$ cat query-v7.pdb   # PDB, N, CA and C atoms, pLDDT in the B column
ATOM      1  N   MET A   1     -43.915 -12.749 -42.613  1.00 66.00           N
ATOM      2  CA  MET A   1     -43.404 -11.443 -42.242  1.00 66.00           C
ATOM      3  C   MET A   1     -44.303 -10.345 -42.824  1.00 66.00           C
ATOM      4  N   PHE A   2     -44.302  -9.212 -42.164  1.00 67.00           N
ATOM      5  CA  PHE A   2     -45.080  -8.077 -42.659  1.00 67.00           C
ATOM      6  C   PHE A   2     -44.381  -7.427 -43.835  1.00 67.00           C
ATOM      7  N   GLU A   3     -45.173  -6.966 -44.761  1.00 86.00           N
ATOM      8  CA  GLU A   3     -44.629  -6.173 -45.849  1.00 86.00           C
ATOM      9  C   GLU A   3     -44.664  -4.703 -45.458  1.00 86.00           C
ATOM     10  N   PHE A   4     -43.955  -3.897 -46.208  1.00 83.00           N
ATOM     11  CA  PHE A   4     -43.849  -2.474 -45.873  1.00 83.00           C
ATOM     12  C   PHE A   4     -45.209  -1.789 -45.930  1.00 83.00           C
ATOM     13  N   GLN A   5     -46.085  -2.146 -46.874  1.00 83.00           N
ATOM     14  CA  GLN A   5     -47.401  -1.519 -46.983  1.00 83.00           C
ATOM     15  C   GLN A   5     -48.276  -1.867 -45.781  1.00 83.00           C
ATOM     16  N   GLN A   6     -48.155  -3.077 -45.269  1.00 83.00           N
ATOM     17  CA  GLN A   6     -48.909  -3.437 -44.076  1.00 83.00           C
ATOM     18  C   GLN A   6     -48.411  -2.648 -42.872  1.00 83.00           C
ATOM     19  N   TYR A   7     -47.106  -2.425 -42.807  1.00 89.00           N
ATOM     20  CA  TYR A   7     -46.516  -1.632 -41.724  1.00 89.00           C
ATOM     21  C   TYR A   7     -47.041  -0.203 -41.785  1.00 89.00           C
ATOM     22  N   LEU A   8     -47.098   0.391 -42.999  1.00 92.00           N
ATOM     23  CA  LEU A   8     -47.623   1.749 -43.138  1.00 92.00           C
ATOM     24  C   LEU A   8     -49.103   1.804 -42.781  1.00 92.00           C
ATOM     25  N   GLY A   9     -49.858   0.785 -43.142  1.00 89.00           N
ATOM     26  CA  GLY A   9     -51.273   0.743 -42.783  1.00 89.00           C
ATOM     27  C   GLY A   9     -51.466   0.679 -41.281  1.00 89.00           C
ATOM     28  N   PHE A  10     -50.622  -0.106 -40.620  1.00 90.00           N
ATOM     29  CA  PHE A  10     -50.695  -0.197 -39.164  1.00 90.00           C
ATOM     30  C   PHE A  10     -50.344   1.133 -38.518  1.00 90.00           C
ATOM     31  N   LEU A  11     -49.300   1.817 -39.033  1.00 93.00           N
ATOM     32  CA  LEU A  11     -48.941   3.135 -38.496  1.00 93.00           C
ATOM     33  C   LEU A  11     -50.048   4.156 -38.735  1.00 93.00           C
ATOM     34  N   LEU A  12     -50.694   4.089 -39.898  1.00 94.00           N
ATOM     35  CA  LEU A  12     -51.814   4.982 -40.180  1.00 94.00           C
ATOM     36  C   LEU A  12     -52.968   4.716 -39.217  1.00 94.00           C
ATOM     37  N   PHE A  13     -53.257   3.455 -38.961  1.00 95.00           N
ATOM     38  CA  PHE A  13     -54.307   3.089 -38.011  1.00 95.00           C
ATOM     39  C   PHE A  13     -53.984   3.622 -36.613  1.00 95.00           C
ATOM     40  N   LEU A  14     -52.742   3.438 -36.163  1.00 96.00           N
ATOM     41  CA  LEU A  14     -52.360   3.938 -34.840  1.00 96.00           C
ATOM     42  C   LEU A  14     -52.438   5.465 -34.768  1.00 96.00           C
ATOM     43  N   THR A  15     -52.061   6.138 -35.855  1.00 97.00           N
ATOM     44  CA  THR A  15     -52.122   7.604 -35.872  1.00 97.00           C
ATOM     45  C   THR A  15     -53.561   8.091 -35.760  1.00 97.00           C
ATOM     46  N   ILE A  16     -54.448   7.503 -36.542  1.00 97.00           N
ATOM     47  CA  ILE A  16     -55.860   7.905 -36.499  1.00 97.00           C
ATOM     48  C   ILE A  16     -56.467   7.588 -35.140  1.00 97.00           C
ATOM     49  N   LEU A  17     -56.147   6.436 -34.583  1.00 97.00           N
ATOM     50  CA  LEU A  17     -56.653   6.057 -33.265  1.00 97.00           C
ATOM     51  C   LEU A  17     -56.171   7.032 -32.192  1.00 97.00           C
ATOM     52  N   THR A  18     -54.897   7.406 -32.250  1.00 98.00           N
ATOM     53  CA  THR A  18     -54.340   8.335 -31.261  1.00 98.00           C
ATOM     54  C   THR A  18     -54.961   9.723 -31.399  1.00 98.00           C
ATOM     55  N   MET A  19     -55.126  10.188 -32.648  1.00 98.00           N
ATOM     56  CA  MET A  19     -55.753  11.499 -32.838  1.00 98.00           C
ATOM     57  C   MET A  19     -57.190  11.497 -32.335  1.00 98.00           C
ATOM     58  N   GLY A  20     -57.917  10.417 -32.574  1.00 96.00           N
ATOM     59  CA  GLY A  20     -59.287  10.320 -32.076  1.00 96.00           C
ATOM     60  C   GLY A  20     -59.343  10.317 -30.563  1.00 96.00           C
ATOM     61  N   PHE A  21     -58.399   9.618 -29.943  1.00 96.00           N
ATOM     62  CA  PHE A  21     -58.360   9.576 -28.482  1.00 96.00           C
ATOM     63  C   PHE A  21     -58.132  10.962 -27.898  1.00 96.00           C
ATOM     64  N   TRP A  22     -57.144  11.699 -28.414  1.00 96.00           N
ATOM     65  CA  TRP A  22     -56.847  13.021 -27.864  1.00 96.00           C
ATOM     66  C   TRP A  22     -57.951  14.015 -28.185  1.00 96.00           C
ATOM     67  N   LEU A  23     -58.607  13.872 -29.332  1.00 96.00           N
ATOM     68  CA  LEU A  23     -59.745  14.737 -29.646  1.00 96.00           C
ATOM     69  C   LEU A  23     -60.890  14.487 -28.677  1.00 96.00           C
ATOM     70  N   MET A  24     -61.129  13.221 -28.343  1.00 96.00           N
ATOM     71  CA  MET A  24     -62.172  12.895 -27.381  1.00 96.00           C
ATOM     72  C   MET A  24     -61.845  13.498 -26.014  1.00 96.00           C
ATOM     73  N   ILE A  25     -60.598  13.377 -25.569  1.00 96.00           N
ATOM     74  CA  ILE A  25     -60.194  13.950 -24.280  1.00 96.00           C
ATOM     75  C   ILE A  25     -60.387  15.466 -24.302  1.00 96.00           C
ATOM     76  N   PHE A  26     -59.988  16.130 -25.389  1.00 94.00           N
ATOM     77  CA  PHE A  26     -60.144  17.575 -25.497  1.00 94.00           C
ATOM     78  C   PHE A  26     -61.612  17.984 -25.427  1.00 94.00           C
ATOM     79  N   LEU A  27     -62.469  17.295 -26.162  1.00 94.00           N
ATOM     80  CA  LEU A  27     -63.886  17.651 -26.187  1.00 94.00           C
ATOM     81  C   LEU A  27     -64.554  17.405 -24.842  1.00 94.00           C
ATOM     82  N   VAL A  28     -64.197  16.321 -24.165  1.00 94.00           N
ATOM     83  CA  VAL A  28     -64.769  16.048 -22.846  1.00 94.00           C
ATOM     84  C   VAL A  28     -64.350  17.136 -21.859  1.00 94.00           C
ATOM     85  N   ASN A  29     -63.082  17.547 -21.899  1.00 95.00           N
ATOM     86  CA  ASN A  29     -62.629  18.623 -21.012  1.00 95.00           C
ATOM     87  C   ASN A  29     -63.317  19.935 -21.339  1.00 95.00           C
ATOM     88  N   PHE A  30     -63.551  20.203 -22.618  1.00 93.00           N
ATOM     89  CA  PHE A  30     -64.239  21.421 -23.006  1.00 93.00           C
ATOM     90  C   PHE A  30     -65.657  21.428 -22.472  1.00 93.00           C
ATOM     91  N   VAL A  31     -66.340  20.298 -22.535  1.00 93.00           N
ATOM     92  CA  VAL A  31     -67.716  20.215 -22.035  1.00 93.00           C
ATOM     93  C   VAL A  31     -67.739  20.409 -20.522  1.00 93.00           C
ATOM     94  N   PHE A  32     -66.798  19.785 -19.793  1.00 94.00           N
ATOM     95  CA  PHE A  32     -66.741  19.976 -18.343  1.00 94.00           C
ATOM     96  C   PHE A  32     -66.457  21.436 -17.992  1.00 94.00           C
ATOM     97  N   TYR A  33     -65.586  22.098 -18.762  1.00 95.00           N
ATOM     98  CA  TYR A  33     -65.279  23.511 -18.527  1.00 95.00           C
ATOM     99  C   TYR A  33     -66.527  24.366 -18.746  1.00 95.00           C
ATOM    100  N   TRP A  34     -67.280  24.063 -19.800  1.00 95.00           N
ATOM    101  CA  TRP A  34     -68.482  24.812 -20.140  1.00 95.00           C
ATOM    102  C   TRP A  34     -69.549  24.633 -19.054  1.00 95.00           C
ATOM    103  N   VAL A  35     -69.789  23.401 -18.627  1.00 95.00           N
ATOM    104  CA  VAL A  35     -70.794  23.129 -17.598  1.00 95.00           C
ATOM    105  C   VAL A  35     -70.360  23.734 -16.267  1.00 95.00           C
ATOM    106  N   GLY A  36     -69.078  23.612 -15.940  1.00 95.00           N
ATOM    107  CA  GLY A  36     -68.577  24.194 -14.692  1.00 95.00           C
ATOM    108  C   GLY A  36     -68.723  25.703 -14.666  1.00 95.00           C
ATOM    109  N   GLY A  37     -68.440  26.365 -15.777  1.00 95.00           N
ATOM    110  CA  GLY A  37     -68.603  27.821 -15.851  1.00 95.00           C
ATOM    111  C   GLY A  37     -70.051  28.230 -15.698  1.00 95.00           C
ATOM    112  N   TYR A  38     -70.951  27.474 -16.307  1.00 97.00           N
ATOM    113  CA  TYR A  38     -72.384  27.763 -16.186  1.00 97.00           C
ATOM    114  C   TYR A  38     -72.832  27.626 -14.731  1.00 97.00           C
ATOM    115  N   LEU A  39     -72.430  26.538 -14.087  1.00 97.00           N
ATOM    116  CA  LEU A  39     -72.829  26.320 -12.697  1.00 97.00           C
ATOM    117  C   LEU A  39     -72.240  27.383 -11.776  1.00 97.00           C
ATOM    118  N   TRP A  40     -71.007  27.791 -12.029  1.00 97.00           N
ATOM    119  CA  TRP A  40     -70.372  28.823 -11.204  1.00 97.00           C
ATOM    120  C   TRP A  40     -71.106  30.155 -11.363  1.00 97.00           C
ATOM    121  N   ASN A  41     -71.490  30.515 -12.580  1.00 97.00           N
ATOM    122  CA  ASN A  41     -72.234  31.759 -12.799  1.00 97.00           C
ATOM    123  C   ASN A  41     -73.612  31.704 -12.143  1.00 97.00           C
ATOM    124  N   GLU A  42     -74.279  30.564 -12.220  1.00 96.00           N
ATOM    125  CA  GLU A  42     -75.586  30.425 -11.558  1.00 96.00           C
ATOM    126  C   GLU A  42     -75.444  30.581 -10.044  1.00 96.00           C
ATOM    127  N   TYR A  43     -74.394  29.996  -9.479  1.00 97.00           N
ATOM    128  CA  TYR A  43     -74.158  30.113  -8.041  1.00 97.00           C
ATOM    129  C   TYR A  43     -73.916  31.566  -7.645  1.00 97.00           C
ATOM    130  N   LYS A  44     -73.074  32.277  -8.410  1.00 96.00           N
ATOM    131  CA  LYS A  44     -72.803  33.676  -8.096  1.00 96.00           C
ATOM    132  C   LYS A  44     -74.060  34.520  -8.223  1.00 96.00           C
ATOM    133  N   GLU A  45     -74.897  34.228  -9.226  1.00 96.00           N
ATOM    134  CA  GLU A  45     -76.126  34.988  -9.411  1.00 96.00           C
ATOM    135  C   GLU A  45     -77.106  34.753  -8.265  1.00 96.00           C
ATOM    136  N   LYS A  46     -77.258  33.506  -7.840  1.00 95.00           N
ATOM    137  CA  LYS A  46     -78.146  33.208  -6.713  1.00 95.00           C
ATOM    138  C   LYS A  46     -77.643  33.857  -5.429  1.00 95.00           C
ATOM    139  N   ARG A  47     -76.321  33.835  -5.233  1.00 94.00           N
ATOM    140  CA  ARG A  47     -75.742  34.453  -4.039  1.00 94.00           C
ATOM    141  C   ARG A  47     -75.962  35.962  -4.053  1.00 94.00           C
ATOM    142  N   ALA A  48     -75.831  36.576  -5.216  1.00 93.00           N
ATOM    143  CA  ALA A  48     -76.057  38.019  -5.324  1.00 93.00           C
ATOM    144  C   ALA A  48     -77.531  38.353  -5.090  1.00 93.00           C
ATOM    145  N   ASN A  49     -78.444  37.514  -5.569  1.00 93.00           N
ATOM    146  CA  ASN A  49     -79.869  37.754  -5.347  1.00 93.00           C
ATOM    147  C   ASN A  49     -80.215  37.631  -3.864  1.00 93.00           C
ATOM    148  N   LYS A  50     -79.636  36.655  -3.188  1.00 90.00           N
ATOM    149  CA  LYS A  50     -79.897  36.504  -1.746  1.00 90.00           C
ATOM    150  C   LYS A  50     -79.391  37.718  -0.978  1.00 90.00           C
ATOM    151  N   GLU A  51     -78.201  38.217  -1.335  1.00 88.00           N
ATOM    152  CA  GLU A  51     -77.659  39.382  -0.642  1.00 88.00           C
ATOM    153  C   GLU A  51     -78.482  40.628  -0.907  1.00 88.00           C
ATOM    154  N   SER A  52     -79.014  40.774  -2.110  1.00 87.00           N
ATOM    155  CA  SER A  52     -79.820  41.956  -2.422  1.00 87.00           C
ATOM    156  C   SER A  52     -81.174  41.904  -1.721  1.00 87.00           C
ATOM    157  N   LEU A  53     -81.716  40.683  -1.503  1.00 84.00           N
ATOM    158  CA  LEU A  53     -82.977  40.584  -0.790  1.00 84.00           C
ATOM    159  C   LEU A  53     -82.824  40.841   0.703  1.00 84.00           C
ATOM    160  N   LYS A  54     -81.654  40.531   1.248  1.00 80.00           N
ATOM    161  CA  LYS A  54     -81.434  40.756   2.679  1.00 80.00           C
ATOM    162  C   LYS A  54     -81.332  42.255   2.984  1.00 80.00           C
ATOM    163  N   GLN A  55     -80.856  43.033   2.033  1.00 71.00           N
ATOM    164  CA  GLN A  55     -80.638  44.463   2.302  1.00 71.00           C
ATOM    165  C   GLN A  55     -81.855  45.278   2.062  1.00 71.00           C
TER     166      GLN A  55
END
$ encode --input "query-v7.pdb" --output "structure tokens"
Amino acid sequence: MFEFQQYLGFLLFLTILTMGFWLMIFLVNFVFYWVGGYLWNEYKEKRANKESLKQ
């Protein structure tokens, strides 16, 4: 049978694993948001340059 200290160690392991998982998800979403914003600004800038050259 498990002792209480082993149970606490297992809960600590699960807590750290879960926090790492959610931190990874947060950071990946932040990077996608950053890259998406950069690409959107580049697109708007190119579109504005094309419109200014046509006029």
$ atom_distance --input "query-v7.pdb" --atom1 "atom N of Phe30 in chain A" --atom2 "atom C of Ala48 in chain A"
28.8 Å
$ atom_distance --input "query-v7.pdb" --atom1 "atom N of Lys46 in chain A" --atom2 "atom N of Phe32 in chain A"
21.0 Å
$ atom_distance --input "query-v7.pdb" --atom1 "CA of Gly9 in chain A" --atom2 "atom N of Val28 in chain A"
27.5 Å
$ axis_aligned_box --input "query-v7.pdb" --around "range 18-28 of chain A" --padding-each-side "3 Å" --output "AutoDock Vina command-line options"
--center_x -59.6 --center_y 12.7 --center_z -27.3 --size_x 16.4 --size_y 16.6 --size_z 17.0
$ build_atoms --input "query-v7.pdb" --residues "range 40-51 of chain A" --atoms "all heavy atoms" --output "PDB file, keeping the file's coordinate frame"
ATOM      1  N   TRP A  40     -71.007  27.791 -12.029  1.00 97.00           N
ATOM      2  CA  TRP A  40     -70.372  28.823 -11.204  1.00 97.00           C
ATOM      3  C   TRP A  40     -71.106  30.155 -11.363  1.00 97.00           C
ATOM      4  O   TRP A  40     -71.342  30.862 -10.372  1.00 97.00           O
ATOM      5  CB  TRP A  40     -68.904  28.968 -11.584  1.00 97.00           C
ATOM      6  CG  TRP A  40     -68.196  30.020 -10.815  1.00 97.00           C
ATOM      7  CD1 TRP A  40     -67.713  31.196 -11.292  1.00 97.00           C
ATOM      8  CD2 TRP A  40     -67.890  30.012  -9.411  1.00 97.00           C
ATOM      9  NE1 TRP A  40     -67.121  31.916 -10.284  1.00 97.00           N
ATOM     10  CE2 TRP A  40     -67.223  31.212  -9.111  1.00 97.00           C
ATOM     11  CE3 TRP A  40     -68.119  29.101  -8.387  1.00 97.00           C
ATOM     12  CZ2 TRP A  40     -66.785  31.519  -7.844  1.00 97.00           C
ATOM     13  CZ3 TRP A  40     -67.675  29.421  -7.123  1.00 97.00           C
ATOM     14  CH2 TRP A  40     -67.019  30.609  -6.852  1.00 97.00           C
ATOM     15  N   ASN A  41     -71.490  30.515 -12.580  1.00 97.00           N
ATOM     16  CA  ASN A  41     -72.234  31.759 -12.799  1.00 97.00           C
ATOM     17  C   ASN A  41     -73.612  31.704 -12.143  1.00 97.00           C
ATOM     18  O   ASN A  41     -74.072  32.697 -11.577  1.00 97.00           O
ATOM     19  CB  ASN A  41     -72.378  32.047 -14.286  1.00 97.00           C
ATOM     20  CG  ASN A  41     -71.111  32.617 -14.871  1.00 97.00           C
ATOM     21  OD1 ASN A  41     -70.310  33.224 -14.166  1.00 97.00           O
ATOM     22  ND2 ASN A  41     -70.931  32.421 -16.166  1.00 97.00           N
ATOM     23  N   GLU A  42     -74.279  30.564 -12.220  1.00 96.00           N
ATOM     24  CA  GLU A  42     -75.586  30.425 -11.558  1.00 96.00           C
ATOM     25  C   GLU A  42     -75.444  30.581 -10.044  1.00 96.00           C
ATOM     26  O   GLU A  42     -76.267  31.223  -9.396  1.00 96.00           O
ATOM     27  CB  GLU A  42     -76.201  29.066 -11.889  1.00 96.00           C
ATOM     28  CG  GLU A  42     -76.710  28.956 -13.306  1.00 96.00           C
ATOM     29  CD  GLU A  42     -77.870  29.892 -13.570  1.00 96.00           C
ATOM     30  OE1 GLU A  42     -78.801  29.943 -12.751  1.00 96.00           O
ATOM     31  OE2 GLU A  42     -77.836  30.586 -14.607  1.00 96.00           O
ATOM     32  N   TYR A  43     -74.394  29.996  -9.479  1.00 97.00           N
ATOM     33  CA  TYR A  43     -74.158  30.113  -8.041  1.00 97.00           C
ATOM     34  C   TYR A  43     -73.916  31.566  -7.645  1.00 97.00           C
ATOM     35  O   TYR A  43     -74.476  32.060  -6.663  1.00 97.00           O
ATOM     36  CB  TYR A  43     -72.966  29.234  -7.646  1.00 97.00           C
ATOM     37  CG  TYR A  43     -72.485  29.459  -6.244  1.00 97.00           C
ATOM     38  CD1 TYR A  43     -73.215  28.997  -5.156  1.00 97.00           C
ATOM     39  CD2 TYR A  43     -71.300  30.136  -6.004  1.00 97.00           C
ATOM     40  CE1 TYR A  43     -72.784  29.205  -3.869  1.00 97.00           C
ATOM     41  CE2 TYR A  43     -70.855  30.349  -4.720  1.00 97.00           C
ATOM     42  CZ  TYR A  43     -71.593  29.891  -3.648  1.00 97.00           C
ATOM     43  OH  TYR A  43     -71.158  30.104  -2.380  1.00 97.00           O
ATOM     44  N   LYS A  44     -73.074  32.277  -8.410  1.00 96.00           N
ATOM     45  CA  LYS A  44     -72.803  33.676  -8.096  1.00 96.00           C
ATOM     46  C   LYS A  44     -74.060  34.520  -8.223  1.00 96.00           C
ATOM     47  O   LYS A  44     -74.296  35.420  -7.403  1.00 96.00           O
ATOM     48  CB  LYS A  44     -71.710  34.223  -9.021  1.00 96.00           C
ATOM     49  CG  LYS A  44     -70.342  33.703  -8.710  1.00 96.00           C
ATOM     50  CD  LYS A  44     -69.223  34.481  -9.387  1.00 96.00           C
ATOM     51  CE  LYS A  44     -69.438  34.677 -10.841  1.00 96.00           C
ATOM     52  NZ  LYS A  44     -68.284  35.287 -11.524  1.00 96.00           N
ATOM     53  N   GLU A  45     -74.897  34.228  -9.226  1.00 96.00           N
ATOM     54  CA  GLU A  45     -76.126  34.988  -9.411  1.00 96.00           C
ATOM     55  C   GLU A  45     -77.106  34.753  -8.265  1.00 96.00           C
ATOM     56  O   GLU A  45     -77.710  35.696  -7.748  1.00 96.00           O
ATOM     57  CB  GLU A  45     -76.761  34.597 -10.743  1.00 96.00           C
ATOM     58  CG  GLU A  45     -77.912  35.461 -11.163  1.00 96.00           C
ATOM     59  CD  GLU A  45     -78.425  35.099 -12.541  1.00 96.00           C
ATOM     60  OE1 GLU A  45     -77.598  34.797 -13.410  1.00 96.00           O
ATOM     61  OE2 GLU A  45     -79.659  35.113 -12.708  1.00 96.00           O
ATOM     62  N   LYS A  46     -77.258  33.506  -7.840  1.00 95.00           N
ATOM     63  CA  LYS A  46     -78.146  33.208  -6.713  1.00 95.00           C
ATOM     64  C   LYS A  46     -77.643  33.857  -5.429  1.00 95.00           C
ATOM     65  O   LYS A  46     -78.432  34.380  -4.629  1.00 95.00           O
ATOM     66  CB  LYS A  46     -78.267  31.701  -6.522  1.00 95.00           C
ATOM     67  CG  LYS A  46     -79.127  31.034  -7.560  1.00 95.00           C
ATOM     68  CD  LYS A  46     -79.242  29.545  -7.320  1.00 95.00           C
ATOM     69  CE  LYS A  46     -80.043  28.872  -8.409  1.00 95.00           C
ATOM     70  NZ  LYS A  46     -80.160  27.432  -8.202  1.00 95.00           N
ATOM     71  N   ARG A  47     -76.321  33.835  -5.233  1.00 94.00           N
ATOM     72  CA  ARG A  47     -75.742  34.453  -4.039  1.00 94.00           C
ATOM     73  C   ARG A  47     -75.962  35.962  -4.053  1.00 94.00           C
ATOM     74  O   ARG A  47     -76.301  36.557  -3.025  1.00 94.00           O
ATOM     75  CB  ARG A  47     -74.249  34.128  -3.973  1.00 94.00           C
ATOM     76  CG  ARG A  47     -73.606  34.499  -2.652  1.00 94.00           C
ATOM     77  CD  ARG A  47     -72.191  34.047  -2.593  1.00 94.00           C
ATOM     78  NE  ARG A  47     -71.433  34.673  -3.700  1.00 94.00           N
ATOM     79  CZ  ARG A  47     -70.163  34.427  -3.954  1.00 94.00           C
ATOM     80  NH1 ARG A  47     -69.504  33.560  -3.231  1.00 94.00           N
ATOM     81  NH2 ARG A  47     -69.549  35.029  -4.941  1.00 94.00           N
ATOM     82  N   ALA A  48     -75.831  36.576  -5.216  1.00 93.00           N
ATOM     83  CA  ALA A  48     -76.057  38.019  -5.324  1.00 93.00           C
ATOM     84  C   ALA A  48     -77.531  38.353  -5.090  1.00 93.00           C
ATOM     85  O   ALA A  48     -77.853  39.363  -4.451  1.00 93.00           O
ATOM     86  CB  ALA A  48     -75.619  38.519  -6.687  1.00 93.00           C
ATOM     87  N   ASN A  49     -78.444  37.514  -5.569  1.00 93.00           N
ATOM     88  CA  ASN A  49     -79.869  37.754  -5.347  1.00 93.00           C
ATOM     89  C   ASN A  49     -80.215  37.631  -3.864  1.00 93.00           C
ATOM     90  O   ASN A  49     -81.013  38.412  -3.343  1.00 93.00           O
ATOM     91  CB  ASN A  49     -80.711  36.764  -6.155  1.00 93.00           C
ATOM     92  CG  ASN A  49     -80.751  37.130  -7.621  1.00 93.00           C
ATOM     93  OD1 ASN A  49     -80.463  38.264  -7.993  1.00 93.00           O
ATOM     94  ND2 ASN A  49     -81.095  36.159  -8.452  1.00 93.00           N
ATOM     95  N   LYS A  50     -79.636  36.655  -3.188  1.00 90.00           N
ATOM     96  CA  LYS A  50     -79.897  36.504  -1.746  1.00 90.00           C
ATOM     97  C   LYS A  50     -79.391  37.718  -0.978  1.00 90.00           C
ATOM     98  O   LYS A  50     -80.053  38.206  -0.057  1.00 90.00           O
ATOM     99  CB  LYS A  50     -79.233  35.245  -1.211  1.00 90.00           C
ATOM    100  CG  LYS A  50     -79.957  33.974  -1.550  1.00 90.00           C
ATOM    101  CD  LYS A  50     -79.271  32.770  -0.922  1.00 90.00           C
ATOM    102  CE  LYS A  50     -79.961  31.487  -1.308  1.00 90.00           C
ATOM    103  NZ  LYS A  50     -79.277  30.317  -0.715  1.00 90.00           N
ATOM    104  N   GLU A  51     -78.201  38.217  -1.335  1.00 88.00           N
ATOM    105  CA  GLU A  51     -77.659  39.382  -0.642  1.00 88.00           C
ATOM    106  C   GLU A  51     -78.482  40.628  -0.907  1.00 88.00           C
ATOM    107  O   GLU A  51     -78.654  41.467  -0.032  1.00 88.00           O
ATOM    108  CB  GLU A  51     -76.208  39.594  -1.054  1.00 88.00           C
ATOM    109  CG  GLU A  51     -75.256  38.555  -0.509  1.00 88.00           C
ATOM    110  CD  GLU A  51     -73.831  38.744  -0.968  1.00 88.00           C
ATOM    111  OE1 GLU A  51     -73.567  39.740  -1.690  1.00 88.00           O
ATOM    112  OE2 GLU A  51     -72.991  37.920  -0.627  1.00 88.00           O
TER     113      GLU A  51
END
